[in-house]
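Since the structure comes first, as structure tokens, the remarks are kept for the end.
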Amino acid sequence: MLKVEYDQTREDGKKLYRTYSDVGMMIRKDGTEEMYNEAIDMEDSGFTYTETDVPIEDGEELTLSDTLAMLGELGVNLDDDEA
């Protein structure tokens, strides 16, 4: 079953929520072909997910530095100075 739970509140007050499968399946961002082990989004992101029948395999998890590098390649600005 798909689960959504509070993860943390950032320093700027934005709440983050974690979406994941409680039975170890990949999740797909609705309206896309993007699949994740889990997703962490801001409270008002509007993203929704669907649990797939694809099991999460060992070794598929990205490190934080891998994720940040990928976001940078996509042009996501991670500077805290921007409001």
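Chains: A, B, ... in order of the structure tokens. Residues: from 1 per chain. Ligands: from 1, in order shown.
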*Can you list, as a VMD selection string, all residues belonging to region 31-70 of chain A that DSSP tags as strand (DSSP E or B)?*
chain A and resid 35 to 36 38 to 42 49 to 55
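Pairwise distance (CA of Lys3 (chain A), CA of Arg18 (chain A)) equals 7.9 Å.
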*asked:* When you look at Pro55 (chain A) with a cut-off of 9 Å (counting only C-alpha atoms), what residues show up, excluding the ones that are within fewer than 5 positions of it in the same chain? I need them as a PyMOL selection string.
replied: chain A and resi 23-26
*asked:* What's around Ala39 (chain A) at 9 Å? Count only C-alpha atoms, leave out sequence neighbours fewer than 6 positions away in its own chain, and write the answer as a list in words.
replied: Tyr17, Arg18, Thr19, Tyr20, Ile27, Lys29 and Tyr49 of chain A
Output file for the selection above: C-alpha atoms, as a tab-separated table (two decimals), in the first residue's frame:
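Dumped everything to part-v4.tsv:
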chain	number	residue	atom	x	y	z
A	17	TYR	CA	6.33	14.56	3.21
A	18	ARG	CA	7.65	11.11	2.29
A	19	THR	CA	5.71	8.84	-0.09
A	20	TYR	CA	6.65	5.16	-0.33
A	27	ILE	CA	6.34	4.16	-6.97
A	29	LYS	CA	4.90	9.85	-10.25
A	49	TYR	CA	2.15	8.72	-6.93
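Distance-wise, CA of Val54 (chain A) and CA of Leu2 (chain A) end up 13.3 Å apart.
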*Excluding Gly46 (chain A) and residues on its chain fewer than 2 positions from it, collect all residues at most 12 Å away from it, counting only C-alpha atoms, and give them as a VMD selection string.*
chain A and resid 17 29 to 31 40 to 44 48 to 49
Expected file contents, prior selection, N, CA and C atoms, as a short mmCIF file (atom, residue, chain, number, x, y, z; two decimals), in the first residue's frame:
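Contents of the output file again30.cif:
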data_model
loop_
_atom_site.label_atom_id
_atom_site.label_comp_id
_atom_site.auth_asym_id
_atom_site.auth_seq_id
_atom_site.Cartn_x
_atom_site.Cartn_y
_atom_site.Cartn_z
N TYR A 17 7.03 15.82 3.01
CA TYR A 17 6.33 14.56 3.21
C TYR A 17 6.96 13.47 2.37
N LYS A 29 5.52 8.52 -10.33
CA LYS A 29 4.90 9.85 -10.25
C LYS A 29 3.79 9.90 -11.29
N ASP A 30 2.57 10.19 -10.85
CA ASP A 30 1.42 10.22 -11.75
C ASP A 30 1.64 11.20 -12.89
N GLY A 31 1.26 10.77 -14.09
CA GLY A 31 1.39 11.61 -15.27
C GLY A 31 2.76 11.56 -15.91
N ILE A 40 10.22 12.47 -1.64
CA ILE A 40 10.05 13.45 -0.56
C ILE A 40 9.75 14.78 -1.23
N ASP A 41 8.55 15.30 -0.95
CA ASP A 41 8.07 16.51 -1.60
C ASP A 41 7.57 17.51 -0.58
N MET A 42 7.56 18.80 -0.99
CA MET A 42 6.96 19.82 -0.14
C MET A 42 5.46 19.58 -0.04
N GLU A 43 4.90 20.01 1.05
CA GLU A 43 3.49 19.79 1.35
C GLU A 43 2.57 20.21 0.21
N ASP A 44 2.85 21.32 -0.44
CA ASP A 44 1.95 21.85 -1.47
C ASP A 44 2.45 21.58 -2.89
N THR A 48 1.46 13.46 -7.06
CA THR A 48 0.82 12.25 -6.56
C THR A 48 1.53 11.06 -7.18
N TYR A 49 1.41 9.91 -6.53
CA TYR A 49 2.15 8.72 -6.93
C TYR A 49 1.24 7.51 -6.91
#
*Minimum-distance residue to Glu5 (chain A), chosen among A:Asn37, A:Asn77, A:Thr32, A:Ser21 (using only C-alpha atoms)*: A:Ser21
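Distance-wise, CA of Ile56 (chain A) and CA of Val76 (chain A) end up 25.9 Å apart.
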*Please return as a ChimeraX atom specification: the residues of chain A that backbone DSSP assigns to alpha helix (DSSP H).*
/A:64-73
